[in-house]
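Below: query10.cif (mmCIF, C-alpha atoms (C1' of nucleotides))
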data_entry
loop_
_atom_site.label_atom_id
_atom_site.label_comp_id
_atom_site.auth_asym_id
_atom_site.auth_seq_id
_atom_site.Cartn_x
_atom_site.Cartn_y
_atom_site.Cartn_z
CA MET A 1413 99.48 82.75 80.15
CA ARG A 1414 95.84 82.13 79.44
CA PRO A 1415 94.47 84.93 77.32
CA GLU A 1416 91.52 85.58 79.59
CA ALA A 1417 93.93 85.82 82.51
CA GLN A 1418 95.16 89.04 84.04
CA ALA A 1419 91.54 89.92 84.49
CA LEU A 1420 92.43 92.45 87.16
CA LYS A 1421 94.46 94.71 84.97
CA GLY A 1422 96.11 96.72 87.67
CA HIS A 1423 93.15 97.16 89.96
CA LEU A 1424 94.12 94.45 92.39
CA ASP A 1425 95.40 96.72 95.14
CA VAL A 1426 92.20 98.68 95.57
CA LEU A 1427 90.20 95.44 95.71
CA LEU A 1428 92.45 94.02 98.41
CA LEU A 1429 92.26 97.23 100.43
CA ALA A 1430 88.48 97.30 100.04
CA ALA A 1431 88.26 93.74 101.33
CA LEU A 1432 89.78 95.00 104.59
CA ALA A 1433 87.56 98.07 104.79
CA ASP A 1434 85.33 96.85 107.60
CA GLY A 1435 87.79 94.87 109.66
CA PRO A 1436 90.84 92.61 109.58
CA ARG A 1437 90.91 89.47 107.48
CA HIS A 1438 93.53 86.85 106.71
CA GLY A 1439 94.77 86.21 103.19
CA TYR A 1440 92.64 83.23 102.39
CA ALA A 1441 89.53 84.99 103.68
CA ILE A 1442 90.33 87.99 101.49
CA LYS A 1443 90.57 85.70 98.50
CA GLU A 1444 87.16 84.21 99.34
CA ALA A 1445 85.58 87.59 100.00
CA LEU A 1446 86.66 88.87 96.59
CA ARG A 1447 85.44 85.73 94.89
CA ASP A 1448 82.05 85.81 96.60
CA GLY A 1449 81.72 89.58 96.44
CA SER A 1450 82.24 89.55 92.68
CA GLY A 1451 79.91 86.72 91.86
CA GLY A 1452 82.87 84.48 91.12
CA ARG A 1453 84.49 86.85 88.66
CA PHE A 1454 87.54 87.56 90.82
CA ASP A 1455 88.63 84.08 91.83
CA LEU A 1456 92.27 84.91 92.31
CA PRO A 1457 95.06 82.34 92.48
CA THR A 1458 97.05 82.40 95.70
CA GLY A 1459 100.11 83.25 93.63
CA THR A 1460 98.37 86.54 92.94
CA VAL A 1461 96.95 87.25 96.38
CA TYR A 1462 99.86 86.56 98.73
CA PRO A 1463 102.58 88.45 96.86
CA ALA A 1464 100.19 91.40 96.52
CA LEU A 1465 99.53 91.41 100.27
CA HIS A 1466 103.25 91.37 100.94
CA ARG A 1467 103.65 94.28 98.57
CA LEU A 1468 100.91 96.27 100.33
CA GLU A 1469 102.46 95.50 103.69
CA ARG A 1470 105.90 96.63 102.54
CA ALA A 1471 104.25 99.81 101.32
CA GLY A 1472 102.79 100.37 104.79
CA LEU A 1473 99.18 100.25 103.61
CA ILE A 1474 98.26 97.15 105.60
CA ALA A 1475 99.70 95.58 108.75
CA GLY A 1476 99.83 91.83 109.32
CA SER A 1477 100.02 89.69 112.43
CA TRP A 1478 100.32 85.94 112.93
CA SER A 1479 97.90 83.80 114.85
CA VAL A 1480 96.91 80.14 115.03
CA VAL A 1481 93.31 79.05 114.66
CA ASP A 1482 92.33 75.38 114.70
CA GLY A 1483 95.92 74.30 114.19
CA ARG A 1484 96.29 76.46 111.10
CA ARG A 1485 98.57 79.46 111.12
CA ARG A 1486 97.05 82.62 109.82
CA ARG A 1487 98.35 86.03 108.95
CA SER A 1488 95.65 88.62 109.55
CA TYR A 1489 95.84 92.00 107.93
CA ARG A 1490 94.30 95.30 108.86
CA LEU A 1491 94.32 98.65 107.07
CA THR A 1492 96.79 101.19 108.41
CA ASP A 1493 95.90 104.88 108.46
CA ALA A 1494 97.87 105.27 105.26
CA GLY A 1495 95.91 102.34 103.87
CA GLU A 1496 92.60 103.97 104.72
CA ARG A 1497 93.67 107.15 102.98
CA LYS A 1498 94.95 105.17 100.01
CA LEU A 1499 91.66 103.30 99.76
CA ALA A 1500 89.66 106.54 99.77
CA GLY A 1501 91.88 108.00 97.06
CA GLU A 1502 91.81 104.87 94.97
CA ARG A 1503 88.05 104.62 95.24
CA ALA A 1504 87.73 108.14 93.82
CA ASN A 1505 90.34 107.32 91.24
CA TRP A 1506 88.42 104.24 90.14
CA ARG A 1507 85.22 106.23 89.70
CA GLU A 1508 87.00 108.72 87.46
CA PHE A 1509 88.75 106.01 85.51
CA ALA A 1510 85.61 103.95 85.01
CA GLN A 1511 83.65 107.00 83.92
CA ALA A 1512 86.33 107.94 81.39
CA VAL A 1513 86.48 104.46 79.90
CA THR A 1514 82.70 104.10 79.81
CA GLY A 1515 82.44 107.52 78.21
CA ILE A 1516 84.74 106.47 75.42
CA LEU A 1517 83.18 103.07 74.87
CA GLU A 1518 79.68 104.49 74.67
CA ARG A 1519 80.59 107.57 72.66
CA ASP A 1520 78.48 107.71 69.52
CA PRO A 1521 79.52 109.40 67.43
CA TRP A 1522 83.06 110.55 68.05
CA PRO A 1523 84.07 114.20 67.77
CA ALA A 1524 84.57 115.24 64.17
CA THR A 1525 87.41 113.46 62.42
CA SER A 1526 90.11 115.87 61.31
CA MET B 17 107.89 104.35 85.99
CA ARG B 18 105.65 107.03 87.44
CA PRO B 19 103.40 105.50 90.05
CA GLU B 20 100.28 107.08 88.66
CA ALA B 21 101.26 105.73 85.27
CA GLN B 22 99.97 102.50 83.81
CA ALA B 23 96.59 104.02 84.38
CA LEU B 24 95.25 101.95 81.54
CA LYS B 25 96.26 98.64 82.95
CA GLY B 26 95.13 96.37 80.19
CA HIS B 27 92.21 98.42 78.96
CA LEU B 28 94.14 100.13 76.22
CA ASP B 29 93.10 97.80 73.42
CA VAL B 30 89.39 98.36 73.81
CA LEU B 31 89.93 102.12 73.88
CA LEU B 32 91.93 102.03 70.67
CA LEU B 33 89.35 99.83 68.98
CA ALA B 34 86.56 102.14 70.17
CA ALA B 35 88.38 105.13 68.68
CA LEU B 36 88.04 103.44 65.29
CA ALA B 37 84.40 102.52 65.78
CA ASP B 38 82.94 105.09 63.41
CA GLY B 39 85.59 105.22 60.75
CA PRO B 40 89.32 105.02 60.01
CA ARG B 41 91.81 107.22 61.83
CA HIS B 42 95.56 107.52 61.85
CA GLY B 43 97.62 106.94 64.99
CA TYR B 44 98.08 110.53 66.00
CA ALA B 45 94.38 111.25 65.49
CA ILE B 46 93.53 108.25 67.69
CA LYS B 47 95.79 109.64 70.39
CA GLU B 48 94.00 113.00 70.18
CA ALA B 49 90.55 111.43 70.11
CA LEU B 50 91.27 109.50 73.30
CA ARG B 51 92.71 112.56 74.99
CA ASP B 52 89.76 114.77 74.05
CA GLY B 53 87.16 112.05 74.55
CA SER B 54 88.36 111.45 78.11
CA GLY B 55 88.59 115.05 79.18
CA GLY B 56 92.37 114.85 79.10
CA ARG B 57 92.61 111.80 81.33
CA PHE B 58 93.98 109.49 78.64
CA ASP B 59 96.78 111.58 77.18
CA LEU B 60 98.88 108.67 76.00
CA PRO B 61 102.54 108.91 75.06
CA THR B 62 103.29 107.86 71.50
CA GLY B 63 105.48 105.10 72.91
CA THR B 64 102.26 103.60 74.21
CA VAL B 65 100.03 104.22 71.22
CA TYR B 66 102.15 103.10 68.28
CA PRO B 67 103.34 99.77 69.67
CA ALA B 68 99.77 99.00 70.71
CA LEU B 69 98.49 99.70 67.20
CA HIS B 70 101.15 97.40 65.76
CA ARG B 71 100.08 94.73 68.19
CA LEU B 72 96.43 95.09 67.19
CA GLU B 73 97.38 94.97 63.54
CA ARG B 74 99.47 91.83 64.04
CA ALA B 75 96.46 90.33 65.80
CA GLY B 76 94.30 91.10 62.74
CA LEU B 77 91.92 93.38 64.64
CA ILE B 78 92.80 96.52 62.68
CA ALA B 79 94.24 97.06 59.19
CA GLY B 80 96.58 99.91 58.34
CA SER B 81 97.42 101.70 55.10
CA TRP B 82 99.91 104.43 54.29
CA SER B 83 99.09 107.77 52.77
CA VAL B 84 100.65 111.22 52.56
CA VAL B 85 98.70 114.31 53.61
CA ASP B 86 100.29 117.77 53.56
CA GLY B 87 103.74 116.30 53.21
CA ARG B 88 103.28 114.14 56.31
CA ARG B 89 103.09 110.40 55.99
CA ARG B 90 100.21 108.81 57.77
CA ARG B 91 99.20 105.29 58.59
CA SER B 92 95.44 105.06 58.72
CA TYR B 93 93.79 102.19 60.54
CA ARG B 94 90.34 100.71 60.20
CA LEU B 95 88.62 97.97 62.18
CA THR B 96 88.57 94.56 60.54
CA ASP B 97 85.55 92.29 60.94
CA ALA B 98 87.43 90.50 63.68
CA GLY B 99 88.11 93.87 65.24
CA GLU B 100 84.43 94.78 65.24
CA ARG B 101 83.60 91.52 66.94
CA LYS B 102 86.43 91.99 69.40
CA LEU B 103 85.21 95.50 70.21
CA ALA B 104 81.68 94.25 70.87
CA GLY B 105 82.99 91.51 73.14
CA GLU B 106 85.36 93.80 74.98
CA ARG B 107 82.66 96.38 75.51
CA ALA B 108 80.52 93.76 77.21
CA ASN B 109 83.53 92.54 79.11
CA TRP B 110 84.27 96.03 80.35
CA ARG B 111 80.73 96.49 81.63
CA GLU B 112 80.97 93.25 83.61
CA PHE B 113 84.40 94.10 84.93
CA ALA B 114 83.44 97.64 85.92
CA GLN B 115 80.31 96.44 87.64
CA ALA B 116 82.23 93.82 89.60
CA VAL B 117 84.87 96.31 90.77
CA THR B 118 82.31 98.96 91.62
CA GLY B 119 80.28 96.38 93.52
CA ILE B 120 83.26 95.51 95.66
CA LEU B 121 84.37 99.08 96.24
CA GLU B 122 80.92 100.17 97.31
CA ARG B 123 80.08 97.09 99.31
CA ASP B 124 79.06 98.05 102.81
CA PRO B 125 79.22 95.94 104.76
CA TRP B 126 81.00 92.87 103.51
CA PRO B 127 79.52 89.39 103.86
CA ALA B 128 80.01 87.99 107.34
CA THR B 129 83.63 87.38 108.28
CA SER B 130 84.26 83.70 108.92
"C1'" DA C 249 93.16 53.18 107.00
"C1'" DA C 250 93.77 55.74 103.07
"C1'" DT C 251 92.73 59.36 100.26
"C1'" DC C 252 91.19 63.65 98.89
"C1'" DA C 253 89.16 68.35 99.18
"C1'" DA C 254 89.40 72.39 101.57
"C1'" DT C 255 91.94 75.48 104.28
"C1'" DA C 256 96.20 78.28 104.80
"C1'" DC C 257 100.67 79.90 103.76
"C1'" DG C 258 104.41 80.64 100.56
"C1'" DT C 259 108.09 81.33 96.40
"C1'" DA C 260 110.32 81.21 91.65
"C1'" DG C 261 110.11 82.38 87.22
"C1'" DG C 262 107.71 83.82 82.90
"C1'" DA C 263 104.80 86.56 79.92
"C1'" DT C 264 103.10 90.85 78.87
"C1'" DA C 265 101.78 95.52 79.17
"C1'" DA C 266 102.65 100.32 79.48
"C1'" DC C 267 106.02 103.38 80.19
"C1'" DT C 268 110.52 106.46 79.61
"C1'" DA C 269 113.70 108.12 76.62
"C1'" DG C 270 115.35 108.67 72.55
"C1'" DC C 271 115.13 109.28 67.34
"C1'" DT C 272 113.58 111.31 62.27
"C1'" DA C 273 110.95 114.59 59.64
"C1'" DT C 274 107.57 118.29 58.06
"C1'" DT C 275 104.54 122.44 58.66
"C1'" DG C 276 103.54 126.76 60.42
"C1'" DC C 277 103.81 130.40 63.88
"C1'" DG C 278 106.20 134.12 66.52
"C1'" DC D 983 115.56 131.19 63.46
"C1'" DG D 984 113.70 128.46 66.74
"C1'" DC D 985 109.95 126.13 68.69
"C1'" DA D 986 105.41 123.88 69.02
"C1'" DA D 987 102.52 120.88 66.81
"C1'" DT D 988 101.96 117.15 63.75
"C1'" DA D 989 103.32 112.34 62.43
"C1'" DG D 990 105.80 108.29 62.74
"C1'" DC D 991 109.09 104.97 65.10
"C1'" DT D 992 112.11 101.68 68.50
"C1'" DA D 993 114.94 99.94 72.54
"C1'" DG D 994 114.99 98.89 77.00
"C1'" DT D 995 112.97 99.17 81.81
"C1'" DT D 996 109.76 98.02 85.20
"C1'" DA D 997 105.67 96.38 87.37
"C1'" DT D 998 102.04 93.26 87.50
"C1'" DC D 999 99.73 89.18 87.35
"C1'" DC D 1000 100.04 84.68 86.30
"C1'" DT D 1001 101.50 79.47 86.23
"C1'" DA D 1002 103.47 75.99 88.63
"C1'" DC D 1003 105.14 74.34 92.35
"C1'" DG D 1004 105.94 73.36 97.48
"C1'" DT D 1005 104.62 72.87 102.69
"C1'" DA D 1006 101.19 71.61 106.23
"C1'" DT D 1007 96.68 70.73 108.77
"C1'" DT D 1008 91.70 69.43 109.22
"C1'" DG D 1009 87.78 66.91 108.07
"C1'" DA D 1010 84.97 64.25 104.97
"C1'" DT D 1011 84.61 60.20 102.04
"C1'" DT D 1012 85.72 55.63 100.76
#

Could you express the structure from this file as structure tokens?
Amino acid sequence: MRPEAQALKGHLDVLLLAALADGPRHGYAIKEALRDGSGGRFDLPTGTVYPALHRLERAGLIAGSWSVVDGRRRRSYRLTDAGERKLAGERANWREFAQAVTGILERDPWPATS
Amino acid sequence: MRPEAQALKGHLDVLLLAALADGPRHGYAIKEALRDGSGGRFDLPTGTVYPALHRLERAGLIAGSWSVVDGRRRRSYRLTDAGERKLAGERANWREFAQAVTGILERDPWPATS
DNA sequence: AATCAATACGTAGGATAACTAGCTATTGCG
DNA sequence: CGCAATAGCTAGTTATCCTACGTATTGATT
């Protein structure tokens, strides 16, 4: 695995849920939305995106439905009620997490060494 | 595995390096510093901390040395030059990552759906 | 006409990270 | 005496994200 890979480090689910926050999208569109919405930083391989969507669907956080547009089959996903709640919780969780990490990285100096 | 576990999700290394930023510490003291410095949020099990320190040492980012204090053996770690550089890079990397995630989570609305 | 990029979906298998659960040992407090 | 805190450790499990691959269609380029 490339060293700079696994850039998401466990925060993929909340990003996928957030990409569905203001309406349904299909998998490929989610991938593009995350790429564009992150300035290219989250350009996820399909081998990351699709299995993750299946996982979220199995967990009941998103619901998918097939359609065909311009001869291409699509699976569109929308947030379920549980997904909305999960997103709200994970958003708050992210803020706490980010604040804790930032606090440690910017700490100067550290509490007295024993 | 507890679901709320793996809270660190790949950000452990930079936290450990940061805990050594202003001087050497031994493993248990690093664990305490992260717990206290995060308001209790990062209360890591020793099964997380010690293997991670060994990994960082193998990677040449920290250097350890044994000592005995009050009848207890300790392994103190200090940042190597490579570790200092790594810490600086990872700090910058964290800021970018956090900004990208926050940008997506707070985006409202998303760019036009295709 | 042929080819290729982009769109759109998917799976199999591997690498790695963080965790649980267990262990040894000492100091000091109730 | 027992227990919490201090101090170190490993084996094995699990989840996640990735690489690499496969299928198929549309539309642009050659």

Next on the checklist: What are the residues of chain D lining chain A at 10 Å or less? Count only C-alpha atoms (C1' of nucleotides), and put the answer as a PyMOL selection string.
Outcome noted: chain D and resi 997-1002+1006-1008

Next on the checklist: Can you spell out as a PyMOL selection string the set of residues that the PyMOL selection byres ((chain C) within 9 of (chain A)) selects in the structure I just provided?
Outcome noted: chain C and resi 255-259+262-264

Which centre and which edge lengths, in Å to one decimal, describe the axis-aligned box that holds all listed atoms of region 115-126 of chain B after 3 Å is added on each side, as JSON?
{"center_x": 82.0, "center_y": 96.5, "center_z": 96.2, "size_x": 11.8, "size_y": 13.3, "size_z": 23.1}

Output chain B, superimposed onto chain A using in-order Cα pairs, as a short mmCIF file (atom, residue, chain, number, x, y, z; two decimals) with C-alpha atoms, in the coordinates of the input:
data_model
loop_
_atom_site.label_atom_id
_atom_site.label_comp_id
_atom_site.auth_asym_id
_atom_site.auth_seq_id
_atom_site.Cartn_x
_atom_site.Cartn_y
_atom_site.Cartn_z
CA MET B 17 99.49 83.19 80.33
CA ARG B 18 95.81 82.66 79.62
CA PRO B 19 94.55 85.46 77.42
CA GLU B 20 91.53 86.12 79.57
CA ALA B 21 93.84 86.29 82.55
CA GLN B 22 95.25 89.49 83.98
CA ALA B 23 91.65 90.51 84.26
CA LEU B 24 92.58 92.75 87.14
CA LYS B 25 95.13 94.75 85.28
CA GLY B 26 96.32 97.01 88.02
CA HIS B 27 93.12 97.21 90.00
CA LEU B 28 94.06 94.47 92.40
CA ASP B 29 95.37 96.72 95.16
CA VAL B 30 92.17 98.67 95.61
CA LEU B 31 90.17 95.44 95.74
CA LEU B 32 92.41 94.01 98.43
CA LEU B 33 92.25 97.22 100.44
CA ALA B 34 88.46 97.30 100.06
CA ALA B 35 88.23 93.74 101.38
CA LEU B 36 89.78 95.01 104.61
CA ALA B 37 87.56 98.07 104.83
CA ASP B 38 85.35 96.85 107.66
CA GLY B 39 87.81 94.87 109.70
CA PRO B 40 90.87 92.60 109.61
CA ARG B 41 90.93 89.46 107.50
CA HIS B 42 93.52 86.84 106.71
CA GLY B 43 94.74 86.21 103.17
CA TYR B 44 92.59 83.23 102.39
CA ALA B 45 89.49 84.99 103.73
CA ILE B 46 90.29 88.00 101.51
CA LYS B 47 90.51 85.69 98.52
CA GLU B 48 87.09 84.23 99.38
CA ALA B 49 85.54 87.62 100.05
CA LEU B 50 86.61 88.88 96.63
CA ARG B 51 85.38 85.73 94.94
CA ASP B 52 81.99 85.84 96.66
CA GLY B 53 81.67 89.62 96.50
CA SER B 54 82.18 89.58 92.73
CA GLY B 55 79.84 86.74 91.93
CA GLY B 56 82.79 84.49 91.20
CA ARG B 57 84.42 86.84 88.72
CA PHE B 58 87.48 87.55 90.86
CA ASP B 59 88.55 84.06 91.86
CA LEU B 60 92.21 84.87 92.32
CA PRO B 61 94.97 82.29 92.49
CA THR B 62 96.96 82.37 95.71
CA GLY B 63 100.04 83.20 93.64
CA THR B 64 98.32 86.49 92.93
CA VAL B 65 96.91 87.22 96.37
CA TYR B 66 99.83 86.52 98.69
CA PRO B 67 102.53 88.42 96.81
CA ALA B 68 100.14 91.36 96.49
CA LEU B 69 99.50 91.38 100.23
CA HIS B 70 103.25 91.35 100.88
CA ARG B 71 103.62 94.26 98.52
CA LEU B 72 100.90 96.23 100.29
CA GLU B 73 102.47 95.45 103.64
CA ARG B 74 105.90 96.57 102.45
CA ALA B 75 104.24 99.77 101.25
CA GLY B 76 102.81 100.33 104.75
CA LEU B 77 99.19 100.23 103.59
CA ILE B 78 98.27 97.11 105.57
CA ALA B 79 99.75 95.53 108.71
CA GLY B 80 99.86 91.79 109.28
CA SER B 81 100.04 89.64 112.41
CA TRP B 82 100.34 85.90 112.90
CA SER B 83 97.93 83.75 114.83
CA VAL B 84 96.95 80.09 114.99
CA VAL B 85 93.32 79.03 114.64
CA ASP B 86 92.31 75.36 114.64
CA GLY B 87 95.88 74.27 114.13
CA ARG B 88 96.24 76.45 111.02
CA ARG B 89 98.54 79.42 111.07
CA ARG B 90 97.03 82.60 109.81
CA ARG B 91 98.34 86.01 108.93
CA SER B 92 95.66 88.58 109.58
CA TYR B 93 95.87 91.97 107.92
CA ARG B 94 94.32 95.28 108.86
CA LEU B 95 94.35 98.62 107.06
CA THR B 96 96.83 101.15 108.39
CA ASP B 97 95.95 104.84 108.45
CA ALA B 98 97.89 105.22 105.23
CA GLY B 99 95.92 102.31 103.85
CA GLU B 100 92.61 103.95 104.71
CA ARG B 101 93.69 107.11 102.95
CA LYS B 102 94.97 105.13 100.00
CA LEU B 103 91.66 103.27 99.76
CA ALA B 104 89.69 106.52 99.76
CA GLY B 105 91.91 107.96 97.04
CA GLU B 106 91.82 104.82 94.94
CA ARG B 107 88.07 104.60 95.21
CA ALA B 108 87.78 108.09 93.79
CA ASN B 109 90.38 107.25 91.20
CA TRP B 110 88.44 104.19 90.13
CA ARG B 111 85.25 106.18 89.67
CA GLU B 112 87.06 108.66 87.42
CA PHE B 113 88.78 105.92 85.48
CA ALA B 114 85.61 103.89 85.01
CA GLN B 115 83.67 106.92 83.90
CA ALA B 116 86.34 107.86 81.37
CA VAL B 117 86.47 104.35 79.88
CA THR B 118 82.70 104.00 79.81
CA GLY B 119 82.42 107.41 78.17
CA ILE B 120 84.73 106.34 75.39
CA LEU B 121 83.16 102.94 74.89
CA GLU B 122 79.68 104.37 74.66
CA ARG B 123 80.58 107.41 72.64
CA ASP B 124 78.46 107.58 69.52
CA PRO B 125 79.50 109.24 67.42
CA TRP B 126 83.03 110.38 68.00
CA PRO B 127 84.07 114.02 67.69
CA ALA B 128 84.57 115.03 64.08
CA THR B 129 87.44 113.27 62.34
CA SER B 130 90.11 115.74 61.28
#

Checklist entry - If you measure from CA of Ala98 (chain B) to CA of Leu77 (chain B), what distance in Å do you get, rounded to one decimal? => result 5.4 Å

Checklist entry - Got a sec: who's within 12 Å of region 112-125 of chain B, counting only C-alpha atoms (C1' of nucleotides), leaving out chain neighbours fewer than 3 positions off, as a count of residues only? => result 55

Item to check | One-decimal distance in Å that lies between CA of Arg94 (chain B) and CA of Pro40 (chain B) | outcome: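 Atom-to-atom, CA of Pro40 (chain B) and CA of Arg94 (chain B) are spaced 4.4 Å apart.
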
Checklist entry - Which residues match the PyMOL selection byres ((chain D and resi 983) around 12) in the file above, as a list in words? => result DC277 and DG278 of chain C; DG984 and DC985 of chain D

Checklist entry - Which residues come within 10 Å of Gly1472 (chain A), counting only C-alpha atoms (C1' of nucleotides), excluding same-chain residues fewer than 2 positions away, as a PyMOL selection string? => result chain A and resi 1466-1470+1474-1475+1491-1495

Item to check | Selection result for the PyMOL selection byres ((chain D and resi 991) around 8) on this file, as a ChimeraX atom specification | outcome: /B:66 /C:271 /D:990,992

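Going from C1' of DA273 (chain C) to C1' of DT988 (chain D) covers 10.2 Å.
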
Near-DC252 (chain C) list (10 Å; all atoms listed in the file; drop same-chain fewer than 4 positions) as a PDB file with C-alpha atoms (C1' of nucleotides), keeping the file's coordinate frame:
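What follows is the written file selection.pdb:
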ATOM      1  C1'  DA D1010      84.970  64.250 104.970  1.00  0.00           C
ATOM      2  C1'  DT D1011      84.610  60.200 102.040  1.00  0.00           C
ATOM      3  C1'  DT D1012      85.720  55.630 100.760  1.00  0.00           C
TER       4       DT D1012
END
